[in-house]
$ cat input_13.txt   # compact mmCIF, N, CA and C atoms
# COMPACT_ATOMS: atom_id res chain seq x y z
N MET A 168 12.33 -15.24 26.51
CA MET A 168 11.54 -15.90 25.51
C MET A 168 12.35 -17.01 24.84
N VAL A 169 13.52 -16.66 24.35
CA VAL A 169 14.34 -17.65 23.65
C VAL A 169 14.74 -18.78 24.59
N ALA A 170 15.21 -18.45 25.78
CA ALA A 170 15.61 -19.48 26.74
C ALA A 170 14.43 -20.35 27.13
N SER A 171 13.28 -19.77 27.34
CA SER A 171 12.08 -20.51 27.71
C SER A 171 11.73 -21.55 26.66
N LEU A 172 11.73 -21.15 25.40
CA LEU A 172 11.38 -22.08 24.33
C LEU A 172 12.47 -23.12 24.10
N ARG A 173 13.71 -22.74 24.24
CA ARG A 173 14.81 -23.70 24.09
C ARG A 173 14.75 -24.80 25.15
N HIS A 174 14.26 -24.44 26.34
CA HIS A 174 14.17 -25.41 27.43
C HIS A 174 12.88 -26.22 27.37
N GLY A 175 12.09 -26.02 26.33
CA GLY A 175 10.89 -26.81 26.13
C GLY A 175 9.71 -26.41 27.00
N GLU A 176 9.74 -25.23 27.57
CA GLU A 176 8.62 -24.78 28.39
C GLU A 176 7.40 -24.56 27.50
N PRO A 177 6.21 -24.97 27.96
CA PRO A 177 4.99 -24.84 27.14
C PRO A 177 4.49 -23.40 27.09
N ARG A 178 5.13 -22.60 26.30
CA ARG A 178 4.81 -21.18 26.21
C ARG A 178 4.62 -20.77 24.74
N GLU A 179 3.84 -19.74 24.58
CA GLU A 179 3.71 -19.07 23.29
C GLU A 179 3.85 -17.59 23.55
N TYR A 180 4.33 -16.87 22.56
CA TYR A 180 4.56 -15.44 22.70
C TYR A 180 3.96 -14.70 21.51
N SER A 181 3.57 -13.48 21.76
CA SER A 181 3.19 -12.56 20.70
C SER A 181 4.16 -11.40 20.79
N VAL A 182 4.84 -11.13 19.70
CA VAL A 182 5.84 -10.07 19.65
C VAL A 182 5.29 -8.95 18.76
N GLY A 183 5.08 -7.78 19.36
CA GLY A 183 4.67 -6.61 18.59
C GLY A 183 5.91 -5.97 17.98
N LEU A 184 5.86 -5.68 16.68
CA LEU A 184 7.04 -5.16 15.99
C LEU A 184 6.63 -4.28 14.83
N VAL A 185 7.57 -3.58 14.29
CA VAL A 185 7.29 -2.72 13.14
C VAL A 185 7.56 -3.44 11.83
N GLY A 186 8.24 -4.55 11.88
CA GLY A 186 8.55 -5.33 10.70
C GLY A 186 9.61 -6.37 11.00
N TYR A 187 9.83 -7.24 10.04
CA TYR A 187 10.87 -8.26 10.18
C TYR A 187 11.53 -8.48 8.82
N TYR A 188 12.55 -9.29 8.83
CA TYR A 188 13.33 -9.55 7.62
C TYR A 188 13.22 -11.03 7.29
N ILE A 189 12.84 -11.31 6.05
CA ILE A 189 12.76 -12.69 5.57
C ILE A 189 13.83 -12.85 4.51
N GLU A 190 14.77 -13.73 4.82
CA GLU A 190 15.92 -13.94 3.92
C GLU A 190 16.58 -12.61 3.56
N GLY A 191 16.63 -11.71 4.55
CA GLY A 191 17.30 -10.43 4.39
C GLY A 191 16.45 -9.31 3.82
N LEU A 192 15.24 -9.61 3.33
CA LEU A 192 14.37 -8.59 2.76
C LEU A 192 13.39 -8.08 3.82
N PRO A 193 13.20 -6.76 3.92
CA PRO A 193 12.27 -6.23 4.93
C PRO A 193 10.82 -6.44 4.53
N TYR A 194 10.00 -6.83 5.51
CA TYR A 194 8.55 -7.01 5.34
C TYR A 194 7.86 -6.27 6.48
N SER A 195 6.87 -5.47 6.15
CA SER A 195 6.08 -4.80 7.18
C SER A 195 5.24 -5.84 7.91
N ALA A 196 5.13 -5.67 9.21
CA ALA A 196 4.31 -6.56 10.04
C ALA A 196 4.04 -5.87 11.35
N SER A 197 2.95 -6.24 12.00
CA SER A 197 2.64 -5.64 13.29
C SER A 197 2.88 -6.60 14.45
N SER A 198 2.92 -7.91 14.16
CA SER A 198 3.17 -8.88 15.23
C SER A 198 3.68 -10.18 14.64
N LEU A 199 4.22 -11.00 15.52
CA LEU A 199 4.72 -12.32 15.15
C LEU A 199 4.41 -13.28 16.29
N SER A 200 3.77 -14.39 15.98
CA SER A 200 3.54 -15.44 16.97
C SER A 200 4.80 -16.30 17.06
N VAL A 201 5.30 -16.47 18.26
CA VAL A 201 6.54 -17.22 18.47
C VAL A 201 6.25 -18.39 19.39
N SER A 202 6.60 -19.60 18.93
CA SER A 202 6.45 -20.81 19.74
C SER A 202 7.39 -21.86 19.18
N ALA A 203 7.55 -22.94 19.91
CA ALA A 203 8.44 -24.01 19.46
C ALA A 203 7.96 -24.59 18.13
N HIS A 204 6.66 -24.65 17.93
CA HIS A 204 6.12 -25.22 16.69
C HIS A 204 6.13 -24.21 15.54
N ALA A 205 5.69 -22.98 15.81
CA ALA A 205 5.55 -21.98 14.75
C ALA A 205 6.88 -21.41 14.28
N THR A 206 7.85 -21.30 15.19
CA THR A 206 9.13 -20.67 14.85
C THR A 206 10.29 -21.50 15.41
N PRO A 207 10.53 -22.68 14.82
CA PRO A 207 11.63 -23.51 15.33
C PRO A 207 13.00 -22.89 15.06
N ASN A 208 14.01 -23.49 15.64
CA ASN A 208 15.40 -23.05 15.46
C ASN A 208 15.60 -21.61 15.92
N LEU A 209 14.92 -21.23 16.98
CA LEU A 209 14.99 -19.88 17.52
C LEU A 209 16.36 -19.65 18.15
N ASP A 210 16.97 -18.53 17.81
CA ASP A 210 18.28 -18.20 18.36
C ASP A 210 18.36 -16.69 18.56
N LEU A 211 19.17 -16.29 19.51
CA LEU A 211 19.35 -14.89 19.85
C LEU A 211 20.73 -14.44 19.40
N THR A 212 20.80 -13.26 18.77
CA THR A 212 22.08 -12.66 18.42
C THR A 212 22.22 -11.39 19.26
N LEU A 213 23.27 -10.64 19.05
CA LEU A 213 23.46 -9.40 19.80
C LEU A 213 22.42 -8.34 19.44
N THR A 214 21.90 -8.37 18.20
CA THR A 214 20.99 -7.33 17.76
C THR A 214 19.62 -7.83 17.31
N SER A 215 19.40 -9.15 17.37
CA SER A 215 18.15 -9.68 16.84
C SER A 215 17.87 -11.08 17.38
N PHE A 216 16.69 -11.60 17.02
CA PHE A 216 16.49 -13.03 17.15
C PHE A 216 16.15 -13.56 15.76
N VAL A 217 16.55 -14.77 15.51
CA VAL A 217 16.33 -15.41 14.22
C VAL A 217 15.66 -16.75 14.46
N CYS A 218 14.93 -17.21 13.44
CA CYS A 218 14.25 -18.48 13.54
C CYS A 218 13.87 -18.96 12.15
N THR A 219 13.37 -20.17 12.09
CA THR A 219 12.74 -20.67 10.88
C THR A 219 11.27 -20.28 10.99
N ALA A 220 10.68 -19.88 9.90
CA ALA A 220 9.25 -19.56 9.86
C ALA A 220 8.69 -20.07 8.54
N TYR A 221 7.39 -20.13 8.47
CA TYR A 221 6.71 -20.70 7.30
C TYR A 221 5.65 -19.72 6.81
N PHE A 222 5.70 -19.39 5.51
CA PHE A 222 4.77 -18.44 4.93
C PHE A 222 4.17 -19.01 3.66
N PRO A 223 2.93 -18.62 3.35
CA PRO A 223 2.34 -19.00 2.06
C PRO A 223 3.18 -18.42 0.93
N PRO A 224 3.34 -19.15 -0.16
CA PRO A 224 4.20 -18.67 -1.25
C PRO A 224 3.79 -17.32 -1.81
N ASN A 225 2.49 -17.04 -1.87
CA ASN A 225 2.02 -15.79 -2.48
C ASN A 225 2.31 -14.55 -1.63
N THR A 226 2.81 -14.72 -0.41
CA THR A 226 3.13 -13.58 0.45
C THR A 226 4.61 -13.20 0.42
N LEU A 227 5.38 -13.97 -0.33
CA LEU A 227 6.84 -13.79 -0.34
C LEU A 227 7.33 -13.32 -1.70
N ASP A 228 8.51 -12.72 -1.69
CA ASP A 228 9.18 -12.36 -2.93
C ASP A 228 9.38 -13.63 -3.76
N PRO A 229 9.09 -13.61 -5.06
CA PRO A 229 9.24 -14.81 -5.88
C PRO A 229 10.63 -15.43 -5.84
N SER A 230 11.67 -14.61 -5.67
CA SER A 230 13.03 -15.16 -5.61
C SER A 230 13.22 -16.01 -4.35
N THR A 231 12.55 -15.64 -3.26
CA THR A 231 12.63 -16.43 -2.03
C THR A 231 11.93 -17.76 -2.21
N VAL A 232 10.78 -17.75 -2.84
CA VAL A 232 10.03 -18.99 -3.09
C VAL A 232 10.87 -19.92 -3.97
N LYS A 233 11.47 -19.37 -5.01
CA LYS A 233 12.29 -20.18 -5.92
C LYS A 233 13.50 -20.76 -5.20
N ALA A 234 14.16 -19.96 -4.39
CA ALA A 234 15.38 -20.41 -3.70
C ALA A 234 15.09 -21.44 -2.61
N ASN A 235 13.98 -21.27 -1.87
CA ASN A 235 13.71 -22.13 -0.72
C ASN A 235 12.76 -23.28 -1.02
N GLY A 236 11.94 -23.14 -2.04
CA GLY A 236 11.00 -24.21 -2.40
C GLY A 236 9.76 -24.22 -1.53
N ILE A 237 8.76 -24.90 -2.03
CA ILE A 237 7.48 -25.03 -1.34
C ILE A 237 7.39 -26.42 -0.73
N ILE A 238 6.94 -26.48 0.53
CA ILE A 238 6.74 -27.75 1.21
C ILE A 238 5.30 -27.84 1.69
N GLN A 239 4.88 -29.03 2.08
CA GLN A 239 3.57 -29.24 2.67
C GLN A 239 3.75 -29.35 4.18
N ARG A 240 2.90 -28.63 4.91
CA ARG A 240 2.97 -28.65 6.37
C ARG A 240 1.56 -28.76 6.93
N ARG A 241 1.42 -29.50 7.99
CA ARG A 241 0.11 -29.70 8.60
C ARG A 241 -0.32 -28.45 9.36
N SER A 242 -1.56 -28.04 9.09
CA SER A 242 -2.19 -26.94 9.81
C SER A 242 -3.56 -27.46 10.24
N GLY A 243 -3.64 -27.85 11.49
CA GLY A 243 -4.86 -28.50 11.95
C GLY A 243 -4.97 -29.86 11.29
N ARG A 244 -6.05 -30.08 10.58
CA ARG A 244 -6.27 -31.39 9.93
C ARG A 244 -5.83 -31.42 8.48
N LYS A 245 -5.47 -30.28 7.92
CA LYS A 245 -5.13 -30.28 6.51
C LYS A 245 -3.67 -29.90 6.26
N LEU A 246 -3.22 -30.28 5.08
CA LEU A 246 -1.88 -29.90 4.65
C LEU A 246 -1.98 -28.60 3.87
N VAL A 247 -1.03 -27.71 4.12
CA VAL A 247 -0.99 -26.44 3.40
C VAL A 247 0.38 -26.26 2.77
N SER A 248 0.43 -25.52 1.69
CA SER A 248 1.68 -25.23 1.00
C SER A 248 2.33 -24.01 1.64
N VAL A 249 3.57 -24.17 2.07
CA VAL A 249 4.31 -23.07 2.70
C VAL A 249 5.76 -23.09 2.23
N VAL A 250 6.42 -21.98 2.48
CA VAL A 250 7.84 -21.84 2.16
C VAL A 250 8.59 -21.68 3.48
N PRO A 251 9.56 -22.55 3.77
CA PRO A 251 10.38 -22.36 4.97
C PRO A 251 11.41 -21.25 4.71
N VAL A 252 11.51 -20.32 5.66
CA VAL A 252 12.42 -19.18 5.49
C VAL A 252 13.17 -18.91 6.78
N ARG A 253 14.24 -18.16 6.65
CA ARG A 253 14.95 -17.64 7.81
C ARG A 253 14.38 -16.25 8.08
N LEU A 254 13.84 -16.08 9.26
CA LEU A 254 13.22 -14.82 9.65
C LEU A 254 14.06 -14.17 10.73
N GLU A 255 14.29 -12.87 10.59
CA GLU A 255 15.05 -12.12 11.58
C GLU A 255 14.22 -10.96 12.09
N VAL A 256 14.19 -10.80 13.42
CA VAL A 256 13.54 -9.66 14.05
C VAL A 256 14.62 -8.89 14.78
N LYS A 257 14.83 -7.65 14.37
CA LYS A 257 15.82 -6.81 15.05
C LYS A 257 15.22 -6.34 16.36
N LEU A 258 16.00 -6.43 17.42
CA LEU A 258 15.51 -6.07 18.75
C LEU A 258 15.02 -4.62 18.81
N ALA A 259 15.64 -3.75 18.03
CA ALA A 259 15.23 -2.33 18.02
C ALA A 259 13.84 -2.14 17.41
N ASP A 260 13.33 -3.14 16.68
CA ASP A 260 12.03 -3.04 16.03
C ASP A 260 10.89 -3.62 16.87
N ILE A 261 11.20 -4.14 18.04
CA ILE A 261 10.18 -4.74 18.91
C ILE A 261 9.61 -3.69 19.85
N TRP A 262 8.28 -3.60 19.90
CA TRP A 262 7.65 -2.65 20.81
C TRP A 262 6.83 -3.35 21.91
N ALA A 263 6.60 -4.65 21.80
CA ALA A 263 5.85 -5.37 22.84
C ALA A 263 6.16 -6.86 22.79
N VAL A 264 6.12 -7.49 23.96
CA VAL A 264 6.22 -8.95 24.06
C VAL A 264 5.22 -9.40 25.11
N ALA A 265 4.36 -10.32 24.72
CA ALA A 265 3.41 -10.92 25.65
C ALA A 265 3.62 -12.43 25.66
N GLU A 266 3.56 -13.00 26.85
CA GLU A 266 3.74 -14.44 27.04
C GLU A 266 2.37 -15.04 27.34
N PHE A 267 2.10 -16.20 26.78
CA PHE A 267 0.85 -16.90 27.04
C PHE A 267 1.16 -18.24 27.70
N VAL A 268 0.66 -18.41 28.91
CA VAL A 268 0.84 -19.65 29.67
C VAL A 268 -0.54 -20.18 30.02
N LYS A 269 -0.85 -21.37 29.51
CA LYS A 269 -2.17 -21.98 29.74
C LYS A 269 -3.29 -21.00 29.38
N GLY A 270 -3.11 -20.28 28.29
CA GLY A 270 -4.13 -19.36 27.81
C GLY A 270 -4.17 -18.01 28.49
N GLU A 271 -3.36 -17.80 29.49
CA GLU A 271 -3.35 -16.53 30.21
C GLU A 271 -2.21 -15.64 29.72
N GLN A 272 -2.54 -14.38 29.40
CA GLN A 272 -1.55 -13.44 28.87
C GLN A 272 -0.82 -12.72 29.99
N HIS A 273 0.51 -12.64 29.83
CA HIS A 273 1.37 -11.87 30.73
C HIS A 273 2.20 -10.92 29.86
N ASP A 274 1.99 -9.62 30.03
CA ASP A 274 2.77 -8.65 29.27
C ASP A 274 4.17 -8.55 29.87
N LEU A 275 5.17 -8.77 29.03
CA LEU A 275 6.56 -8.76 29.49
C LEU A 275 7.29 -7.47 29.13
N PHE A 276 6.86 -6.83 28.05
CA PHE A 276 7.57 -5.65 27.57
C PHE A 276 6.61 -4.81 26.75
N LEU A 277 6.64 -3.50 26.95
CA LEU A 277 5.82 -2.58 26.18
C LEU A 277 6.55 -1.25 26.06
N ASP A 278 6.75 -0.78 24.83
CA ASP A 278 7.42 0.49 24.58
C ASP A 278 6.81 1.14 23.34
N ALA A 279 5.76 1.91 23.52
CA ALA A 279 5.07 2.55 22.40
C ALA A 279 5.96 3.52 21.64
N GLU A 280 6.98 4.05 22.28
CA GLU A 280 7.90 4.98 21.62
C GLU A 280 8.63 4.31 20.45
N THR A 281 8.84 3.01 20.53
CA THR A 281 9.52 2.30 19.45
C THR A 281 8.71 2.39 18.16
N VAL A 282 7.39 2.30 18.27
CA VAL A 282 6.55 2.42 17.07
C VAL A 282 6.76 3.79 16.45
N LYS A 283 6.75 4.84 17.25
CA LYS A 283 6.92 6.20 16.73
C LYS A 283 8.29 6.40 16.09
N SER A 284 9.32 5.85 16.72
CA SER A 284 10.67 6.11 16.23
C SER A 284 11.10 5.16 15.11
N ARG A 285 10.69 3.90 15.16
CA ARG A 285 11.19 2.93 14.19
C ARG A 285 10.29 2.72 12.98
N LEU A 286 8.98 2.91 13.13
CA LEU A 286 8.09 2.63 12.01
C LEU A 286 8.40 3.47 10.77
N PRO A 287 8.59 4.78 10.89
CA PRO A 287 8.95 5.55 9.69
C PRO A 287 10.27 5.09 9.06
N ALA A 288 11.25 4.78 9.88
CA ALA A 288 12.54 4.32 9.35
C ALA A 288 12.40 2.98 8.65
N PHE A 289 11.61 2.09 9.23
CA PHE A 289 11.42 0.78 8.63
C PHE A 289 10.69 0.91 7.28
N ARG A 290 9.70 1.77 7.25
CA ARG A 290 8.94 1.97 5.99
C ARG A 290 9.86 2.52 4.89
N ARG A 291 10.73 3.43 5.26
CA ARG A 291 11.69 3.95 4.26
C ARG A 291 12.59 2.83 3.75
N GLU A 292 13.05 1.99 4.66
CA GLU A 292 13.93 0.88 4.25
C GLU A 292 13.18 -0.08 3.35
N ARG A 293 11.93 -0.32 3.65
CA ARG A 293 11.10 -1.25 2.85
C ARG A 293 10.89 -0.73 1.45
N ASN A 294 10.75 0.60 1.32
CA ASN A 294 10.50 1.19 -0.01
C ASN A 294 11.82 1.37 -0.74
$ encode --input "input_13.txt" --output "structure tokens"
Amino acid sequence: MVASLRHGEPREYSVGLVGYYIEGLPYSASSLSVSAHATPNLDLTLTSFVCTAYFPPNTLDPSTVKANGIIQRRSGRKLVSVVPVRLEVKLADIWAVAEFVKGEQHDLFLDAETVKSRLPAFRRERN
């Protein structure tokens, strides 16, 4: 996924996960859309992938909004207010990856056991 997007291949991905980290804070989530446009600066580490992502200010911790600021970004024909953040997805929290090429879905990875094993742990960390 990371190599494909870095090489400019016209791909989009849907990553099923139990949660992700925004500026180090855990957020519950069930999926993340990954593409060159939606998640720029994508990089792989030994235990995670990281990228830039954009979220509406009201969905983030107020300290993150204050630290990162609000910008205007085009969404279709209109400008929307978003906060650019560093998003991290730990590889252990991923339970599915699907690739979309010309609108056709290709499942690359599926592990339902990850949901069973990681979701309770992630929820405890979030609380």
$ atom_distance --input "input_13.txt" --atom1 "atom C of Arg240 of chain A" --atom2 "atom N of Tyr221 of chain A"
10.5 Å
$ closest_residue --input "input_13.txt" --among "A:Ala170, A:Leu192, A:Leu211, A:Val268" --to "Glu292 of chain A" --atoms "only C-alpha atoms"
A:Leu192
$ closest_residue --input "input_13.txt" --among "A:Ala220, A:Val264, A:Ile238, A:Ala259" --to "Thr281 of chain A" --atoms "all atoms listed in the file"
A:Ala259
$ axis_aligned_box --input "input_13.txt" --around "segment 270-273 of chain A" --padding-each-side "8 Å" --output "AutoDock Vina command-line options"
--center_x -1.0 --center_y -15.6 --center_z 29.3 --size_x 22.4 --size_y 25.4 --size_z 18.9
$ closest_residue --input "input_13.txt" --among "A:Leu227, A:Ala263, A:Ile237, A:Leu199" --to "Phe276 of chain A" --atoms "only N, CA and C atoms"
A:Ala263
$ residues_around --input "input_13.txt" --residues "Gly236 of chain A" --least-positions-apart "4" --cutoff "8 Å" --atoms "only N, CA and C atoms" --output "JSON, numbers by chain"
{"A": [224, 230, 231, 232, 249, 250, 251]}
$ atom_distance --input "input_13.txt" --atom1 "atom N of Ala205 of chain A" --atom2 "atom CA of Asp260 of chain A"
20.9 Å
$ closest_residue --input "input_13.txt" --among "A:Gln239, A:Trp262, A:Arg293, A:Phe216" --to "Ser197 of chain A" --atoms "only C-alpha atoms"
A:Trp262
$ decode --input "input_13.txt" --residues "segment 223-255 of chain A" --atoms "N, CA and C atoms" --output "PDB file, in the first residue's frame"
ATOM      1  N   PRO A 223     -12.442  17.424  10.704  1.00  0.00           N
ATOM      2  CA  PRO A 223     -13.192  18.599  11.154  1.00  0.00           C
ATOM      3  C   PRO A 223     -12.784  18.950  12.582  1.00  0.00           C
ATOM      4  N   PRO A 224     -12.699  20.226  12.897  1.00  0.00           N
ATOM      5  CA  PRO A 224     -12.236  20.627  14.236  1.00  0.00           C
ATOM      6  C   PRO A 224     -13.064  20.044  15.376  1.00  0.00           C
ATOM      7  N   ASN A 225     -14.377  19.898  15.183  1.00  0.00           N
ATOM      8  CA  ASN A 225     -15.240  19.428  16.272  1.00  0.00           C
ATOM      9  C   ASN A 225     -15.063  17.942  16.587  1.00  0.00           C
ATOM     10  N   THR A 226     -14.276  17.211  15.795  1.00  0.00           N
ATOM     11  CA  THR A 226     -14.052  15.786  16.055  1.00  0.00           C
ATOM     12  C   THR A 226     -12.742  15.518  16.791  1.00  0.00           C
ATOM     13  N   LEU A 227     -11.996  16.579  17.046  1.00  0.00           N
ATOM     14  CA  LEU A 227     -10.661  16.439  17.641  1.00  0.00           C
ATOM     15  C   LEU A 227     -10.604  17.027  19.038  1.00  0.00           C
ATOM     16  N   ASP A 228      -9.627  16.579  19.797  1.00  0.00           N
ATOM     17  CA  ASP A 228      -9.350  17.162  21.098  1.00  0.00           C
ATOM     18  C   ASP A 228      -9.042  18.649  20.906  1.00  0.00           C
ATOM     19  N   PRO A 229      -9.617  19.540  21.716  1.00  0.00           N
ATOM     20  CA  PRO A 229      -9.381  20.978  21.547  1.00  0.00           C
ATOM     21  C   PRO A 229      -7.902  21.378  21.555  1.00  0.00           C
ATOM     22  N   SER A 230      -7.078  20.650  22.309  1.00  0.00           N
ATOM     23  CA  SER A 230      -5.647  20.990  22.338  1.00  0.00           C
ATOM     24  C   SER A 230      -4.990  20.724  20.981  1.00  0.00           C
ATOM     25  N   THR A 231      -5.468  19.717  20.256  1.00  0.00           N
ATOM     26  CA  THR A 231      -4.935  19.430  18.921  1.00  0.00           C
ATOM     27  C   THR A 231      -5.336  20.527  17.951  1.00  0.00           C
ATOM     28  N   VAL A 232      -6.572  20.970  18.029  1.00  0.00           N
ATOM     29  CA  VAL A 232      -7.047  22.050  17.156  1.00  0.00           C
ATOM     30  C   VAL A 232      -6.235  23.314  17.414  1.00  0.00           C
ATOM     31  N   LYS A 233      -6.022  23.630  18.680  1.00  0.00           N
ATOM     32  CA  LYS A 233      -5.260  24.834  19.040  1.00  0.00           C
ATOM     33  C   LYS A 233      -3.817  24.736  18.556  1.00  0.00           C
ATOM     34  N   ALA A 234      -3.196  23.590  18.731  1.00  0.00           N
ATOM     35  CA  ALA A 234      -1.789  23.417  18.350  1.00  0.00           C
ATOM     36  C   ALA A 234      -1.585  23.414  16.831  1.00  0.00           C
ATOM     37  N   ASN A 235      -2.513  22.794  16.089  1.00  0.00           N
ATOM     38  CA  ASN A 235      -2.315  22.617  14.645  1.00  0.00           C
ATOM     39  C   ASN A 235      -3.011  23.671  13.796  1.00  0.00           C
ATOM     40  N   GLY A 236      -4.051  24.294  14.327  1.00  0.00           N
ATOM     41  CA  GLY A 236      -4.774  25.324  13.585  1.00  0.00           C
ATOM     42  C   GLY A 236      -5.754  24.745  12.582  1.00  0.00           C
ATOM     43  N   ILE A 237      -6.654  25.597  12.156  1.00  0.00           N
ATOM     44  CA  ILE A 237      -7.686  25.227  11.192  1.00  0.00           C
ATOM     45  C   ILE A 237      -7.317  25.810   9.832  1.00  0.00           C
ATOM     46  N   ILE A 238      -7.454  24.988   8.791  1.00  0.00           N
ATOM     47  CA  ILE A 238      -7.200  25.443   7.426  1.00  0.00           C
ATOM     48  C   ILE A 238      -8.440  25.187   6.578  1.00  0.00           C
ATOM     49  N   GLN A 239      -8.470  25.791   5.402  1.00  0.00           N
ATOM     50  CA  GLN A 239      -9.539  25.544   4.435  1.00  0.00           C
ATOM     51  C   GLN A 239      -9.011  24.580   3.389  1.00  0.00           C
ATOM     52  N   ARG A 240      -9.818  23.566   3.091  1.00  0.00           N
ATOM     53  CA  ARG A 240      -9.420  22.569   2.091  1.00  0.00           C
ATOM     54  C   ARG A 240     -10.613  22.278   1.190  1.00  0.00           C
ATOM     55  N   ARG A 241     -10.335  22.079  -0.071  1.00  0.00           N
ATOM     56  CA  ARG A 241     -11.397  21.821  -1.032  1.00  0.00           C
ATOM     57  C   ARG A 241     -11.928  20.400  -0.876  1.00  0.00           C
ATOM     58  N   SER A 242     -13.252  20.306  -0.819  1.00  0.00           N
ATOM     59  CA  SER A 242     -13.948  19.025  -0.795  1.00  0.00           C
ATOM     60  C   SER A 242     -15.026  19.121  -1.868  1.00  0.00           C
ATOM     61  N   GLY A 243     -14.742  18.534  -3.010  1.00  0.00           N
ATOM     62  CA  GLY A 243     -15.649  18.704  -4.137  1.00  0.00           C
ATOM     63  C   GLY A 243     -15.581  20.138  -4.610  1.00  0.00           C
ATOM     64  N   ARG A 244     -16.707  20.809  -4.615  1.00  0.00           N
ATOM     65  CA  ARG A 244     -16.764  22.204  -5.086  1.00  0.00           C
ATOM     66  C   ARG A 244     -16.655  23.226  -3.974  1.00  0.00           C
ATOM     67  N   LYS A 245     -16.704  22.785  -2.728  1.00  0.00           N
ATOM     68  CA  LYS A 245     -16.693  23.759  -1.645  1.00  0.00           C
ATOM     69  C   LYS A 245     -15.456  23.636  -0.766  1.00  0.00           C
ATOM     70  N   LEU A 246     -15.196  24.722  -0.057  1.00  0.00           N
ATOM     71  CA  LEU A 246     -14.116  24.728   0.916  1.00  0.00           C
ATOM     72  C   LEU A 246     -14.678  24.331   2.271  1.00  0.00           C
ATOM     73  N   VAL A 247     -13.929  23.503   2.974  1.00  0.00           N
ATOM     74  CA  VAL A 247     -14.343  23.080   4.312  1.00  0.00           C
ATOM     75  C   VAL A 247     -13.224  23.373   5.298  1.00  0.00           C
ATOM     76  N   SER A 248     -13.589  23.584   6.538  1.00  0.00           N
ATOM     77  CA  SER A 248     -12.619  23.831   7.601  1.00  0.00           C
ATOM     78  C   SER A 248     -12.146  22.504   8.167  1.00  0.00           C
ATOM     79  N   VAL A 249     -10.839  22.298   8.162  1.00  0.00           N
ATOM     80  CA  VAL A 249     -10.248  21.067   8.685  1.00  0.00           C
ATOM     81  C   VAL A 249      -8.974  21.381   9.458  1.00  0.00           C
ATOM     82  N   VAL A 250      -8.554  20.403  10.222  1.00  0.00           N
ATOM     83  CA  VAL A 250      -7.309  20.506  10.985  1.00  0.00           C
ATOM     84  C   VAL A 250      -6.341  19.463  10.426  1.00  0.00           C
ATOM     85  N   PRO A 251      -5.154  19.881   9.965  1.00  0.00           N
ATOM     86  CA  PRO A 251      -4.161  18.891   9.521  1.00  0.00           C
ATOM     87  C   PRO A 251      -3.496  18.261  10.750  1.00  0.00           C
ATOM     88  N   VAL A 252      -3.408  16.932  10.743  1.00  0.00           N
ATOM     89  CA  VAL A 252      -2.844  16.214  11.892  1.00  0.00           C
ATOM     90  C   VAL A 252      -1.912  15.115  11.421  1.00  0.00           C
ATOM     91  N   ARG A 253      -1.100  14.651  12.340  1.00  0.00           N
ATOM     92  CA  ARG A 253      -0.286  13.458  12.115  1.00  0.00           C
ATOM     93  C   ARG A 253      -1.085  12.283  12.655  1.00  0.00           C
ATOM     94  N   LEU A 254      -1.375  11.349  11.787  1.00  0.00           N
ATOM     95  CA  LEU A 254      -2.172  10.181  12.139  1.00  0.00           C
ATOM     96  C   LEU A 254      -1.282   8.953  12.092  1.00  0.00           C
ATOM     97  N   GLU A 255      -1.401   8.104  13.108  1.00  0.00           N
ATOM     98  CA  GLU A 255      -0.629   6.868  13.163  1.00  0.00           C
ATOM     99  C   GLU A 255      -1.571   5.686  13.301  1.00  0.00           C
TER     100      GLU A 255
END
